[in-house]
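Printed here is final03.pdb (PDB, C-alpha atoms and all ligand atoms):
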```pdb
ATOM      1  CA  MET J   1    -121.478 -72.183-107.800  1.00  0.00           C
ATOM      2  CA  SER J   2    -118.024 -71.234-106.768  1.00  0.00           C
ATOM      3  CA  PRO J   3    -117.308 -70.833-103.060  1.00  0.00           C
ATOM      4  CA  LYS J   4    -115.555 -67.573-103.770  1.00  0.00           C
ATOM      5  CA  THR J   5    -117.284 -65.303-101.298  1.00  0.00           C
ATOM      6  CA  THR J   6    -114.494 -62.837-100.921  1.00  0.00           C
ATOM      7  CA  GLU J   7    -115.012 -62.205 -97.220  1.00  0.00           C
ATOM      8  CA  ASN J   8    -114.205 -65.843 -96.630  1.00  0.00           C
ATOM      9  CA  HIS J   9    -111.000 -65.696 -98.556  1.00  0.00           C
ATOM     10  CA  ASP J  10    -108.173 -64.227 -96.610  1.00  0.00           C
ATOM     11  CA  VAL J  11    -105.319 -62.396 -98.233  1.00  0.00           C
ATOM     12  CA  VAL J  12    -102.400 -63.117 -95.942  1.00  0.00           C
ATOM     13  CA  LYS J  13     -99.127 -62.931 -97.783  1.00  0.00           C
ATOM     14  CA  LEU J  14     -97.323 -66.129 -97.003  1.00  0.00           C
ATOM     15  CA  PRO J  15     -93.734 -66.006 -95.810  1.00  0.00           C
ATOM     16  CA  ARG J  16     -90.986 -67.003 -98.167  1.00  0.00           C
ATOM     17  CA  SER J  17     -90.289 -70.674 -98.242  1.00  0.00           C
ATOM     18  CA  GLY J  18     -87.479 -70.288 -95.707  1.00  0.00           C
ATOM     19  CA  ASN J  19     -90.145 -69.773 -93.077  1.00  0.00           C
ATOM     20  CA  MET J  20     -91.938 -72.969 -93.900  1.00  0.00           C
ATOM     21  CA  ASP J  21     -91.027 -76.559 -93.780  1.00  0.00           C
ATOM     22  CA  LYS J  22     -92.251 -79.961 -94.783  1.00  0.00           C
ATOM     23  CA  GLY J  23     -93.613 -78.777 -98.094  1.00  0.00           C
ATOM     24  CA  GLY J  24     -92.859 -81.264-100.749  1.00  0.00           C
ATOM     25  CA  GLU J  25     -93.484 -83.763-103.416  1.00  0.00           C
ATOM     26  CA  LEU J  26     -95.550 -86.659-102.224  1.00  0.00           C
ATOM     27  CA  SER J  27     -93.068 -89.036-103.772  1.00  0.00           C
ATOM     28  CA  ASN J  28     -90.455 -87.927-101.224  1.00  0.00           C
ATOM     29  CA  LEU J  29     -92.535 -89.084 -98.328  1.00  0.00           C
ATOM     30  CA  ASN J  30     -92.773 -92.393 -96.653  1.00  0.00           C
ATOM     31  CA  PHE J  31     -96.322 -93.485 -95.917  1.00  0.00           C
ATOM     32  CA  SER J  32     -96.417 -96.745 -94.093  1.00  0.00           C
ATOM     33  CA  GLY J  33     -99.499 -98.823 -94.830  1.00  0.00           C
ATOM     34  CA  THR J  34    -100.363 -96.958 -98.004  1.00  0.00           C
ATOM     35  CA  SER J  35     -98.252 -99.000-100.393  1.00  0.00           C
ATOM     36  CA  SER J  36    -101.247-100.905-101.764  1.00  0.00           C
ATOM     37  CA  LEU J  37    -103.195 -97.707-102.472  1.00  0.00           C
ATOM     38  CA  SER J  38    -103.272 -96.077-105.838  1.00  0.00           C
ATOM     39  CA  LYS J  39    -102.516 -92.376-106.219  1.00  0.00           C
ATOM     40  CA  THR J  40    -105.669 -90.322-106.206  1.00  0.00           C
ATOM     41  CA  ARG J  41    -107.149 -87.466-108.225  1.00  0.00           C
ATOM     42  CA  PHE J  42    -108.884 -86.101-105.152  1.00  0.00           C
ATOM     43  CA  THR J  43    -107.469 -82.570-105.319  1.00  0.00           C
ATOM     44  CA  GLU J  44    -108.169 -82.394-109.065  1.00  0.00           C
ATOM     45  CA  TYR J  45    -111.832 -83.257-108.433  1.00  0.00           C
ATOM     46  CA  PHE J  46    -111.900 -80.829-105.553  1.00  0.00           C
ATOM     47  CA  ILE J  47    -110.557 -77.954-107.662  1.00  0.00           C
ATOM     48  CA  GLN J  48    -112.819 -78.749-110.589  1.00  0.00           C
ATOM     49  CA  GLN J  49    -116.026 -79.120-108.588  1.00  0.00           C
ATOM     50  CA  ASN J  50    -115.426 -75.975-106.567  1.00  0.00           C
ATOM     51  CA  ILE J  51    -113.966 -73.878-109.382  1.00  0.00           C
ATOM     52  CA  LEU J  52    -110.937 -73.155-107.225  1.00  0.00           C
ATOM     53  CA  ASP J  53    -108.883 -72.674-110.379  1.00  0.00           C
ATOM     54  CA  ASP J  54    -110.512 -69.263-110.895  1.00  0.00           C
ATOM     55  CA  HIS J  55    -107.619 -67.822-108.932  1.00  0.00           C
ATOM     56  CA  GLY J  56    -105.237 -70.656-109.603  1.00  0.00           C
ATOM     57  CA  PHE J  57    -104.763 -73.388-107.054  1.00  0.00           C
ATOM     58  CA  GLU J  58    -101.138 -73.725-106.070  1.00  0.00           C
ATOM     59  CA  GLU J  59    -101.062 -75.944-102.997  1.00  0.00           C
ATOM     60  CA  TRP J  60    -102.819 -76.939 -99.787  1.00  0.00           C
ATOM     61  CA  ILE J  61    -101.661 -75.106 -96.676  1.00  0.00           C
ATOM     62  CA  PHE J  62    -101.637 -76.651 -93.222  1.00  0.00           C
ATOM     63  CA  TYR J  63    -101.527 -74.854 -89.936  1.00  0.00           C
ATOM     64  CA  PRO J  64     -99.644 -77.120 -87.469  1.00  0.00           C
ATOM     65  CA  GLY J  65    -102.746 -78.456 -85.664  1.00  0.00           C
ATOM     66  CA  MET J  66    -104.336 -79.485 -88.971  1.00  0.00           C
ATOM     67  CA  LEU J  67    -101.874 -82.300 -89.607  1.00  0.00           C
ATOM     68  CA  PHE J  68    -102.270 -86.001 -88.864  1.00  0.00           C
ATOM     69  CA  ASN J  69    -101.353 -86.891 -85.282  1.00  0.00           C
ATOM     70  CA  ALA J  70    -101.136 -83.212 -84.273  1.00  0.00           C
ATOM     71  CA  PRO J  71    -101.437 -82.893 -80.487  1.00  0.00           C
ATOM     72  CA  ASP J  72    -102.937 -79.381 -80.538  1.00  0.00           C
ATOM     73  CA  LYS J  73    -106.103 -77.733 -81.780  1.00  0.00           C
ATOM     74  CA  TRP J  74    -105.771 -74.984 -84.393  1.00  0.00           C
ATOM     75  CA  TRP J  75    -108.921 -73.141 -83.258  1.00  0.00           C
ATOM     76  CA  GLY J  76    -110.204 -71.668 -80.003  1.00  0.00           C
ATOM     77  CA  ASP J  77    -107.645 -71.679 -77.203  1.00  0.00           C
ATOM     78  CA  GLN J  78    -105.375 -73.854 -79.361  1.00  0.00           C
ATOM     79  CA  GLY J  79    -104.873 -76.126 -76.384  1.00  0.00           C
ATOM     80  CA  LYS J  80    -104.376 -79.869 -76.464  1.00  0.00           C
ATOM     81  CA  ARG J  81    -106.783 -82.101 -78.315  1.00  0.00           C
ATOM     82  CA  ASP J  82    -108.424 -84.920 -76.345  1.00  0.00           C
ATOM     83  CA  LYS J  83    -106.385 -87.333 -78.453  1.00  0.00           C
ATOM     84  CA  PRO J  84    -103.910 -86.851 -81.316  1.00  0.00           C
ATOM     85  CA  HIS J  85    -105.585 -85.708 -84.531  1.00  0.00           C
ATOM     86  CA  GLU J  86    -107.073 -88.739 -86.280  1.00  0.00           C
ATOM     87  CA  GLY J  87    -106.673 -87.245 -89.726  1.00  0.00           C
ATOM     88  CA  LEU J  88    -105.995 -84.164 -91.791  1.00  0.00           C
ATOM     89  CA  ASP J  89    -107.958 -80.899 -91.921  1.00  0.00           C
ATOM     90  CA  LEU J  90    -108.320 -79.259 -95.340  1.00  0.00           C
ATOM     91  CA  CYS J  91    -109.237 -75.623 -94.929  1.00  0.00           C
ATOM     92  CA  LEU J  92    -106.554 -73.398 -96.462  1.00  0.00           C
ATOM     93  CA  TYR J  93    -104.874 -73.247 -99.842  1.00  0.00           C
ATOM     94  CA  LYS J  94    -102.608 -70.876-101.685  1.00  0.00           C
ATOM     95  CA  ASP J  95    -103.497 -69.363-105.056  1.00  0.00           C
ATOM     96  CA  ARG J  96    -101.003 -68.693-107.842  1.00  0.00           C
ATOM     97  CA  ARG J  97    -100.479 -65.140-106.633  1.00  0.00           C
ATOM     98  CA  GLY J  98     -99.271 -66.484-103.306  1.00  0.00           C
ATOM     99  CA  ARG J  99    -102.392 -65.505-101.404  1.00  0.00           C
ATOM    100  CA  MET J 100    -104.029 -67.662 -98.774  1.00  0.00           C
ATOM    101  CA  ARG J 101    -107.626 -68.648 -99.451  1.00  0.00           C
ATOM    102  CA  ARG J 102    -109.970 -70.827 -97.530  1.00  0.00           C
ATOM    103  CA  LEU J 103    -112.889 -73.156 -98.025  1.00  0.00           C
ATOM    104  CA  ASP J 104    -116.394 -72.316 -96.883  1.00  0.00           C
ATOM    105  CA  GLU J 105    -119.722 -74.027 -96.300  1.00  0.00           C
ATOM    106  CA  LYS J 106    -120.551 -74.098-100.009  1.00  0.00           C
ATOM    107  CA  THR J 107    -117.528 -76.281-100.724  1.00  0.00           C
ATOM    108  CA  LYS J 108    -118.491 -79.571-102.395  1.00  0.00           C
ATOM    109  CA  ILE J 109    -116.830 -82.739-101.177  1.00  0.00           C
ATOM    110  CA  PRO J 110    -115.761 -85.417-103.682  1.00  0.00           C
ATOM    111  CA  VAL J 111    -115.142 -89.050-102.828  1.00  0.00           C
ATOM    112  CA  ILE J 112    -111.529 -90.226-103.046  1.00  0.00           C
ATOM    113  CA  TYR J 113    -112.026 -93.809-104.255  1.00  0.00           C
ATOM    114  CA  ASP J 114    -114.922 -95.922-105.531  1.00  0.00           C
ATOM    115  CA  GLY J 115    -116.759 -97.447-102.596  1.00  0.00           C
ATOM    116  CA  VAL J 116    -119.919 -97.853-100.605  1.00  0.00           C
ATOM    117  CA  VAL J 117    -121.259 -95.701 -97.759  1.00  0.00           C
ATOM    118  CA  VAL J 118    -121.145 -97.762 -94.554  1.00  0.00           C
ATOM    119  CA  GLY J 119    -121.869 -95.096 -91.946  1.00  0.00           C
ATOM    120  CA  ILE J 120    -123.138 -91.560 -91.409  1.00  0.00           C
ATOM    121  CA  VAL J 121    -122.457 -90.409 -87.850  1.00  0.00           C
ATOM    122  CA  ASN J 122    -122.581 -87.152 -85.939  1.00  0.00           C
ATOM    123  CA  ASP J 123    -119.422 -85.251 -85.138  1.00  0.00           C
ATOM    124  CA  PHE J 124    -118.959 -82.096 -83.101  1.00  0.00           C
ATOM    125  CA  LEU J 125    -119.367 -79.817 -86.131  1.00  0.00           C
ATOM    126  CA  GLY J 126    -121.738 -81.713 -88.405  1.00  0.00           C
ATOM    127  CA  LYS J 127    -121.826 -85.219 -89.793  1.00  0.00           C
ATOM    128  CA  SER J 128    -119.155 -87.682 -90.856  1.00  0.00           C
ATOM    129  CA  VAL J 129    -119.527 -90.086 -93.758  1.00  0.00           C
ATOM    130  CA  ILE J 130    -117.675 -93.416 -93.642  1.00  0.00           C
ATOM    131  CA  ILE J 131    -116.979 -95.141 -96.963  1.00  0.00           C
ATOM    132  CA  GLU J 132    -115.569 -98.616 -97.439  1.00  0.00           C
ATOM    133  CA  HIS J 133    -113.456 -99.354-100.491  1.00  0.00           C
ATOM    134  CA  ASP J 134    -112.885-102.549-102.337  1.00  0.00           C
ATOM    135  CA  LEU J 135    -109.523-103.295-100.751  1.00  0.00           C
ATOM    136  CA  ALA J 136    -108.486-105.714 -98.074  1.00  0.00           C
ATOM    137  CA  ASP J 137    -105.086-106.390 -96.557  1.00  0.00           C
ATOM    138  CA  SER J 138    -103.671-109.845 -95.897  1.00  0.00           C
ATOM    139  CA  ASP J 139    -105.717-110.087 -92.683  1.00  0.00           C
ATOM    140  CA  THR J 140    -108.866-109.034 -94.597  1.00  0.00           C
ATOM    141  CA  ASN J 141    -109.146-105.761 -92.718  1.00  0.00           C
ATOM    142  CA  ARG J 142    -111.144-103.361 -94.879  1.00  0.00           C
ATOM    143  CA  PHE J 143    -109.966 -99.993 -96.146  1.00  0.00           C
ATOM    144  CA  CYS J 144    -112.131 -96.983 -95.231  1.00  0.00           C
ATOM    145  CA  THR J 145    -112.111 -93.239 -95.709  1.00  0.00           C
ATOM    146  CA  ILE J 146    -113.976 -90.897 -93.384  1.00  0.00           C
ATOM    147  CA  TYR J 147    -115.041 -87.382 -94.334  1.00  0.00           C
ATOM    148  CA  GLY J 148    -115.875 -85.204 -91.332  1.00  0.00           C
ATOM    149  CA  HIS J 149    -117.739 -81.955 -90.585  1.00  0.00           C
ATOM    150  CA  LEU J 150    -120.140 -82.248 -93.490  1.00  0.00           C
ATOM    151  CA  ASN J 151    -123.652 -81.450 -94.480  1.00  0.00           C
ATOM    152  CA  PRO J 152    -124.355 -84.669 -96.451  1.00  0.00           C
ATOM    153  CA  HIS J 153    -126.527 -84.478 -99.545  1.00  0.00           C
ATOM    154  CA  LYS J 154    -130.131 -85.455 -99.039  1.00  0.00           C
ATOM    155  CA  GLY J 155    -130.539 -89.034-100.139  1.00  0.00           C
ATOM    156  CA  LEU J 156    -127.046 -90.122 -99.150  1.00  0.00           C
ATOM    157  CA  HIS J 157    -127.561 -93.269 -97.108  1.00  0.00           C
ATOM    158  CA  VAL J 158    -125.784 -96.345 -95.838  1.00  0.00           C
ATOM    159  CA  GLY J 159    -125.470 -98.814 -98.707  1.00  0.00           C
ATOM    160  CA  ARG J 160    -125.158 -96.143-101.401  1.00  0.00           C
ATOM    161  CA  VAL J 161    -122.514 -97.012-104.003  1.00  0.00           C
ATOM    162  CA  VAL J 162    -120.232 -94.082-104.882  1.00  0.00           C
ATOM    163  CA  LYS J 163    -117.628 -93.500-107.557  1.00  0.00           C
ATOM    164  CA  GLU J 164    -114.344 -91.637-107.269  1.00  0.00           C
ATOM    165  CA  GLY J 165    -115.099 -87.914-107.702  1.00  0.00           C
ATOM    166  CA  ASP J 166    -118.813 -88.168-106.795  1.00  0.00           C
ATOM    167  CA  ILE J 167    -120.018 -85.298-104.629  1.00  0.00           C
ATOM    168  CA  ILE J 168    -121.501 -86.534-101.353  1.00  0.00           C
ATOM    169  CA  ALA J 169    -121.867 -83.350 -99.323  1.00  0.00           C
ATOM    170  CA  THR J 170    -120.968 -79.747 -98.722  1.00  0.00           C
ATOM    171  CA  LEU J 171    -119.052 -78.590 -95.684  1.00  0.00           C
ATOM    172  CA  ALA J 172    -121.042 -78.043 -92.522  1.00  0.00           C
ATOM    173  CA  ASP J 173    -122.098 -74.455 -91.945  1.00  0.00           C
ATOM    174  CA  LEU J 174    -120.561 -73.522 -88.596  1.00  0.00           C
ATOM    175  CA  ARG J 175    -121.694 -69.919 -88.363  1.00  0.00           C
ATOM    176  CA  ASN J 176    -124.364 -70.593 -85.747  1.00  0.00           C
ATOM    177  CA  LEU J 177    -122.373 -73.035 -83.662  1.00  0.00           C
ATOM    178  CA  LYS J 178    -120.869 -72.222 -80.288  1.00  0.00           C
ATOM    179  CA  VAL J 179    -117.538 -73.745 -81.311  1.00  0.00           C
ATOM    180  CA  LYS J 180    -115.655 -71.011 -83.143  1.00  0.00           C
ATOM    181  CA  THR J 181    -113.748 -72.584 -85.975  1.00  0.00           C
ATOM    182  CA  LEU J 182    -113.788 -72.475 -89.763  1.00  0.00           C
ATOM    183  CA  SER J 183    -115.626 -74.809 -92.100  1.00  0.00           C
ATOM    184  CA  HIS J 184    -113.125 -77.486 -93.027  1.00  0.00           C
ATOM    185  CA  LEU J 185    -112.963 -81.032 -94.282  1.00  0.00           C
ATOM    186  CA  HIS J 186    -111.541 -83.609 -91.939  1.00  0.00           C
ATOM    187  CA  ILE J 187    -110.238 -86.702 -93.725  1.00  0.00           C
ATOM    188  CA  SER J 188    -109.321 -89.898 -91.934  1.00  0.00           C
ATOM    189  CA  LEU J 189    -108.288 -93.087 -93.605  1.00  0.00           C
ATOM    190  CA  GLY J 190    -107.289 -96.463 -92.409  1.00  0.00           C
ATOM    191  CA  TRP J 191    -107.915-100.143 -92.109  1.00  0.00           C
ATOM    192  CA  ALA J 192    -111.031-101.209 -90.249  1.00  0.00           C
ATOM    193  CA  SER J 193    -110.608-104.354 -88.230  1.00  0.00           C
ATOM    194  CA  LYS J 194    -112.535-107.309 -89.620  1.00  0.00           C
ATOM    195  CA  PHE J 195    -113.915-107.761 -86.099  1.00  0.00           C
ATOM    196  CA  ILE J 196    -115.659-104.405 -85.866  1.00  0.00           C
ATOM    197  CA  SER J 197    -119.141-103.767 -87.117  1.00  0.00           C
ATOM    198  CA  TYR J 198    -119.590-100.402 -88.834  1.00  0.00           C
ATOM    199  CA  ASN J 199    -122.476 -99.425 -86.617  1.00  0.00           C
ATOM    200  CA  LYS J 200    -119.987 -99.441 -83.718  1.00  0.00           C
ATOM    201  CA  LEU J 201    -117.703 -96.985 -85.513  1.00  0.00           C
ATOM    202  CA  ASP J 202    -117.986 -93.380 -84.380  1.00  0.00           C
ATOM    203  CA  TRP J 203    -115.610 -90.671 -83.125  1.00  0.00           C
ATOM    204  CA  GLU J 204    -115.381 -92.362 -79.726  1.00  0.00           C
ATOM    205  CA  THR J 205    -114.088 -95.572 -81.251  1.00  0.00           C
ATOM    206  CA  ILE J 206    -112.186 -94.439 -84.354  1.00  0.00           C
ATOM    207  CA  GLY J 207    -108.481 -94.800 -83.680  1.00  0.00           C
ATOM    208  CA  ALA J 208    -109.028 -96.946 -80.582  1.00  0.00           C
ATOM    209  CA  PRO J 209    -107.163-100.266 -80.563  1.00  0.00           C
ATOM    210  CA  ASN J 210    -108.799-102.940 -82.732  1.00  0.00           C
ATOM    211  CA  THR J 211    -111.127-100.585 -84.575  1.00  0.00           C
ATOM    212  CA  LEU J 212    -109.539 -98.529 -87.325  1.00  0.00           C
ATOM    213  CA  THR J 213    -105.781 -98.355 -87.853  1.00  0.00           C
ATOM    214  CA  LEU J 214    -105.272 -94.814 -89.059  1.00  0.00           C
ATOM    215  CA  MET J 215    -102.819 -93.577 -91.670  1.00  0.00           C
ATOM    216  CA  ASP J 216    -101.643 -90.144 -92.731  1.00  0.00           C
ATOM    217  CA  PRO J 217    -104.100 -88.844 -95.366  1.00  0.00           C
ATOM    218  CA  LEU J 218    -101.467 -86.527 -96.893  1.00  0.00           C
ATOM    219  CA  TYR J 219    -100.878 -89.371 -99.331  1.00  0.00           C
ATOM    220  CA  VAL J 220    -104.330 -89.138-100.855  1.00  0.00           C
ATOM    221  CA  ILE J 221    -104.512 -85.400-101.480  1.00  0.00           C
ATOM    222  CA  GLY J 222    -102.403 -85.975-104.587  1.00  0.00           C
ATOM    223  CA  ARG J 223    -100.948 -82.493-104.696  1.00  0.00           C
ATOM    224  CA  HIS J 224     -98.195 -80.334-103.305  1.00  0.00           C
ATOM    225  CA  TYR J 225     -98.750 -78.960 -99.860  1.00  0.00           C
ATOM    226  CA  ARG J 226     -97.039 -76.777 -97.300  1.00  0.00           C
ATOM    227  CA  ALA J 227     -97.073 -77.131 -93.563  1.00  0.00           C
ATOM    228  CA  LEU J 228     -96.574 -73.791 -91.824  1.00  0.00           C
ATOM    229  CA  GLU J 229     -93.970 -73.662 -89.100  1.00  0.00           C
ATOM    230  CA  LYS J 230     -95.326 -73.404 -85.600  1.00  0.00           C
ATOM    231  CA  GLU J 231     -92.996 -70.525 -84.682  1.00  0.00           C
ATOM    232  CA  TRP J 232     -94.229 -68.441 -87.606  1.00  0.00           C
ATOM    233  CA  CYS J 233     -97.868 -69.134 -86.770  1.00  0.00           C
ATOM    234  CA  GLN J 234     -97.403 -68.218 -83.124  1.00  0.00           C
ATOM    235  CA  ASN J 235     -97.511 -64.553 -84.064  1.00  0.00           C
ATOM    236  CA  ALA J 236    -101.016 -63.665 -82.849  1.00  0.00           C
ATOM    237  CA  GLN J 237    -101.668 -61.178 -85.606  1.00  0.00           C
ATOM    238  CA  ILE J 238    -100.780 -63.700 -88.278  1.00  0.00           C
ATOM    239  CA  GLN J 239    -102.998 -66.291 -86.626  1.00  0.00           C
ATOM    240  CA  CYS J 240    -105.976 -63.975 -86.629  1.00  0.00           C
ATOM    241  CA  ARG J 241    -105.474 -63.097 -90.239  1.00  0.00           C
ATOM    242  CA  ILE J 242    -104.928 -66.666 -91.404  1.00  0.00           C
ATOM    243  CA  LEU J 243    -107.817 -68.090 -89.473  1.00  0.00           C
ATOM    244  CA  GLY J 244    -109.978 -65.017 -89.994  1.00  0.00           C
ATOM    245  CA  MET J 245    -111.299 -64.884 -86.468  1.00  0.00           C
ATOM    246  CA  ASP J 246    -110.379 -63.315 -83.192  1.00  0.00           C
ATOM    247  CA  ARG J 247    -108.770 -65.557 -80.656  1.00  0.00           C
ATOM    248  CA  SER J 248    -111.213 -65.041 -77.820  1.00  0.00           C
TER     249      SER J 248
HETATM  250 ZN    ZN J 301    -109.729 -82.887 -88.051  1.00  0.00          ZN
END
```

Show me, as structure tokens, the structure contained in the file I just sent.
Amino acid sequence: MSPKTTENHDVVKLPRSGNMDKGGELSNLNFSGTSSLSKTRFTEYFIQQNILDDHGFEEWIFYPGMLFNAPDKWWGDQGKRDKPHEGLDLCLYKDRRGRMRRLDEKTKIPVIYDGVVVGIVNDFLGKSVIIEHDLADSDTNRFCTIYGHLNPHKGLHVGRVVKEGDIIATLADLRNLKVKTLSHLHISLGWASKFISYNKLDWETIGAPNTLTLMDPLYVIGRHYRALEKEWCQNAQIQCRILGMDRS
């Protein structure tokens, strides 16, 4: 099934590229700590599994608060986050006709690298799945990816071996939650300290010193992207139309 419920796909005309910045080829970017990682086919799997190519998938779009280390929320009052964003939020993309579309709760979530599930923990919108990959740095810290705000497939459990591209979940359905935001995939990745046990890893501890050293997940999306400029997004009308919700 394609997640193409039209009411969930907004039709904001994006500004010309002069009003955006930071879009670019991944090869132009400098990602410290990611040098030992291979490029991924994550976005290809994502498009294929969710039939996003029906309308043509051009690039991921990021509202400022969706980016790694962003200080602000992109939903609700758009105030400060409790701590800088521990990852990247995938919610919006542009089709080949230049229209903004967004993911919904039917969206299937593929795994980025081969690995094994080491944790399934609650988050404020659903559940997060932590996967360890067969990589260690010189200090034998272990490489992990975390997929947040999910509705994991029944039968997904700690110890389950997964392959790159396997579907582990759909996005959490947020329609009945008090928190007003859109279904989106949060991705975190980083090196888990060899001293931490996975059953101690949750959203209180992720990113804290000596737990998981986080990196910018833009590297793994394997596709062009655009980050919208804050000034352009500050237009309230544009915000409402992009995010498809009123601001109250
Ligand atoms: Zn997030």

Exercise on segment 72-82 of chain J, axis-aligned box with 5 Å per side, report centre and edge lengths in Å to one decimal, as AutoDock Vina command-line options:
```
--center_x -106.6 --center_y -78.3 --center_z -80.4 --size_x 17.3 --size_y 23.3 --size_z 18.0
```

Check what the PyMOL selection byres (((chain J and resi 136) around 12) and not hetatm) selects in the file above and give those residues as a PDB file with C-alpha atoms, in the coordinates of the input.
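What ended up in part01.pdb:
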```pdb
ATOM      1  CA  GLY J  33     -99.499 -98.823 -94.830  1.00  0.00           C
ATOM      2  CA  THR J  34    -100.363 -96.958 -98.004  1.00  0.00           C
ATOM      3  CA  SER J  36    -101.247-100.905-101.764  1.00  0.00           C
ATOM      4  CA  LEU J  37    -103.195 -97.707-102.472  1.00  0.00           C
ATOM      5  CA  GLU J 132    -115.569 -98.616 -97.439  1.00  0.00           C
ATOM      6  CA  HIS J 133    -113.456 -99.354-100.491  1.00  0.00           C
ATOM      7  CA  ASP J 134    -112.885-102.549-102.337  1.00  0.00           C
ATOM      8  CA  LEU J 135    -109.523-103.295-100.751  1.00  0.00           C
ATOM      9  CA  ASP J 137    -105.086-106.390 -96.557  1.00  0.00           C
ATOM     10  CA  SER J 138    -103.671-109.845 -95.897  1.00  0.00           C
ATOM     11  CA  ASP J 139    -105.717-110.087 -92.683  1.00  0.00           C
ATOM     12  CA  THR J 140    -108.866-109.034 -94.597  1.00  0.00           C
ATOM     13  CA  ASN J 141    -109.146-105.761 -92.718  1.00  0.00           C
ATOM     14  CA  ARG J 142    -111.144-103.361 -94.879  1.00  0.00           C
ATOM     15  CA  PHE J 143    -109.966 -99.993 -96.146  1.00  0.00           C
ATOM     16  CA  CYS J 144    -112.131 -96.983 -95.231  1.00  0.00           C
ATOM     17  CA  GLY J 190    -107.289 -96.463 -92.409  1.00  0.00           C
ATOM     18  CA  TRP J 191    -107.915-100.143 -92.109  1.00  0.00           C
ATOM     19  CA  ALA J 192    -111.031-101.209 -90.249  1.00  0.00           C
ATOM     20  CA  SER J 193    -110.608-104.354 -88.230  1.00  0.00           C
ATOM     21  CA  LYS J 194    -112.535-107.309 -89.620  1.00  0.00           C
TER      22      LYS J 194
END
```

Where does chain J meet ligand ZN 301 (chain J) within 12 Å, residue by residue, with the nearest atom pair and distance in Å to one decimal for each, counting all atoms listed in the file, listed by chain and rising number, as a tab-separated table?
```
residue	atom	partner	partner_atom	distance
J:Phe62	CA	J:ZN301	ZN	11.5
J:Tyr63	CA	J:ZN301	ZN	11.6
J:Pro64	CA	J:ZN301	ZN	11.6
J:Gly65	CA	J:ZN301	ZN	8.6
J:Met66	CA	J:ZN301	ZN	6.4
J:Leu67	CA	J:ZN301	ZN	8.0
J:Phe68	CA	J:ZN301	ZN	8.1
J:Asn69	CA	J:ZN301	ZN	9.7
J:Ala70	CA	J:ZN301	ZN	9.4
J:Pro71	CA	J:ZN301	ZN	11.2
J:Asp72	CA	J:ZN301	ZN	10.7
J:Lys73	CA	J:ZN301	ZN	8.9
J:Trp74	CA	J:ZN301	ZN	9.6
J:Trp75	CA	J:ZN301	ZN	10.9
J:Arg81	CA	J:ZN301	ZN	10.2
J:Asp82	CA	J:ZN301	ZN	12.0
J:Lys83	CA	J:ZN301	ZN	11.1
J:Pro84	CA	J:ZN301	ZN	9.7
J:His85	CA	J:ZN301	ZN	6.1
J:Glu86	CA	J:ZN301	ZN	6.7
J:Gly87	CA	J:ZN301	ZN	5.6
J:Leu88	CA	J:ZN301	ZN	5.4
J:Asp89	CA	J:ZN301	ZN	4.7
J:Leu90	CA	J:ZN301	ZN	8.3
J:Cys91	CA	J:ZN301	ZN	10.0
J:Asp123	CA	J:ZN301	ZN	10.4
J:Phe124	CA	J:ZN301	ZN	10.5
J:Leu125	CA	J:ZN301	ZN	10.3
J:Ser128	CA	J:ZN301	ZN	10.9
J:Ile146	CA	J:ZN301	ZN	10.5
J:Tyr147	CA	J:ZN301	ZN	9.4
J:Gly148	CA	J:ZN301	ZN	7.3
J:His149	CA	J:ZN301	ZN	8.5
J:Leu150	CA	J:ZN301	ZN	11.8
J:Thr181	CA	J:ZN301	ZN	11.3
J:Leu182	CA	J:ZN301	ZN	11.3
J:Ser183	CA	J:ZN301	ZN	10.8
J:His184	CA	J:ZN301	ZN	8.1
J:Leu185	CA	J:ZN301	ZN	7.3
J:His186	CA	J:ZN301	ZN	4.3
J:Ile187	CA	J:ZN301	ZN	6.9
J:Ser188	CA	J:ZN301	ZN	8.0
J:Leu189	CA	J:ZN301	ZN	11.7
J:Trp203	CA	J:ZN301	ZN	10.9
J:Asp216	CA	J:ZN301	ZN	11.8
J:Pro217	CA	J:ZN301	ZN	11.0
```

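Compared by their closest atoms to Phe57 of chain J, and using only C-alpha atoms, the residues J:Met100, J:Ile206, J:Val179, J:Leu171 rank with J:Met100 nearest.
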
The PyMOL selection byres (((chain J and resi 114) around 12) and not hetatm) on the file shown: which residues, as a list in words?
->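 When the PyMOL selection byres (((chain J and resi 114) around 12) and not hetatm) is applied to the shown file, the picked residues are Ser38, Thr40, Arg41, Phe42, Pro110, Val111, Ile112, Tyr113, Gly115, Val116, Val117, Ile131, Glu132, His133, Asp134, Leu135, Phe143, Cys144, Thr145, Arg160, Val161, Val162, Lys163, Glu164, Gly165, Asp166 and Ile167 of chain J.
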
Ile120 of chain J: which residues within 8 Å, counting all atoms listed in the file, same-chain residues fewer than 3 positions away excluded, as a list in words?
-> Val117, Lys127, Ser128, Val129, Ile130, His157 and Val158 of chain J

Residue contacts of Glu105 of chain J (8 Å, all atoms listed in the file) excluding same-chain residues fewer than 5 positions away, as a list in words = Pro3, Thr170, Leu171, Ala172, Asp173, Leu174 and Ser183 of chain J

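You will find atom CA of Asp54 of chain J at 10.0 Å from atom CA of Arg96 of chain J.
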
Have a look at atom CA of Lys94 of chain J and atom CA of Lys39 of chain J and let me know their distance in Å, one decimal.
->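 Pair atom CA of Lys94 of chain J / atom CA of Lys39 of chain J returns 22.0 Å.
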
Mind pulling up the distance from atom CA of Gly155 of chain J to atom CA of Tyr198 of chain J?
-> 19.4 Å

Of the candidates J:Cys233, J:Val220, J:Ala227, J:Leu52, which shows the shortest atom-to-atom distance to Leu103 of chain J, using only C-alpha atoms?
->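 Nearest candidate to Leu103 of chain J out of J:Cys233, J:Val220, J:Ala227, J:Leu52: J:Leu52.
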
Pick from J:Glu231, J:Glu58, J:Asp104, J:Asp77: nearest to Arg175 of chain J, with only C-alpha atoms counted?
->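 For Arg175 of chain J, the nearest of the candidates is J:Asp104.
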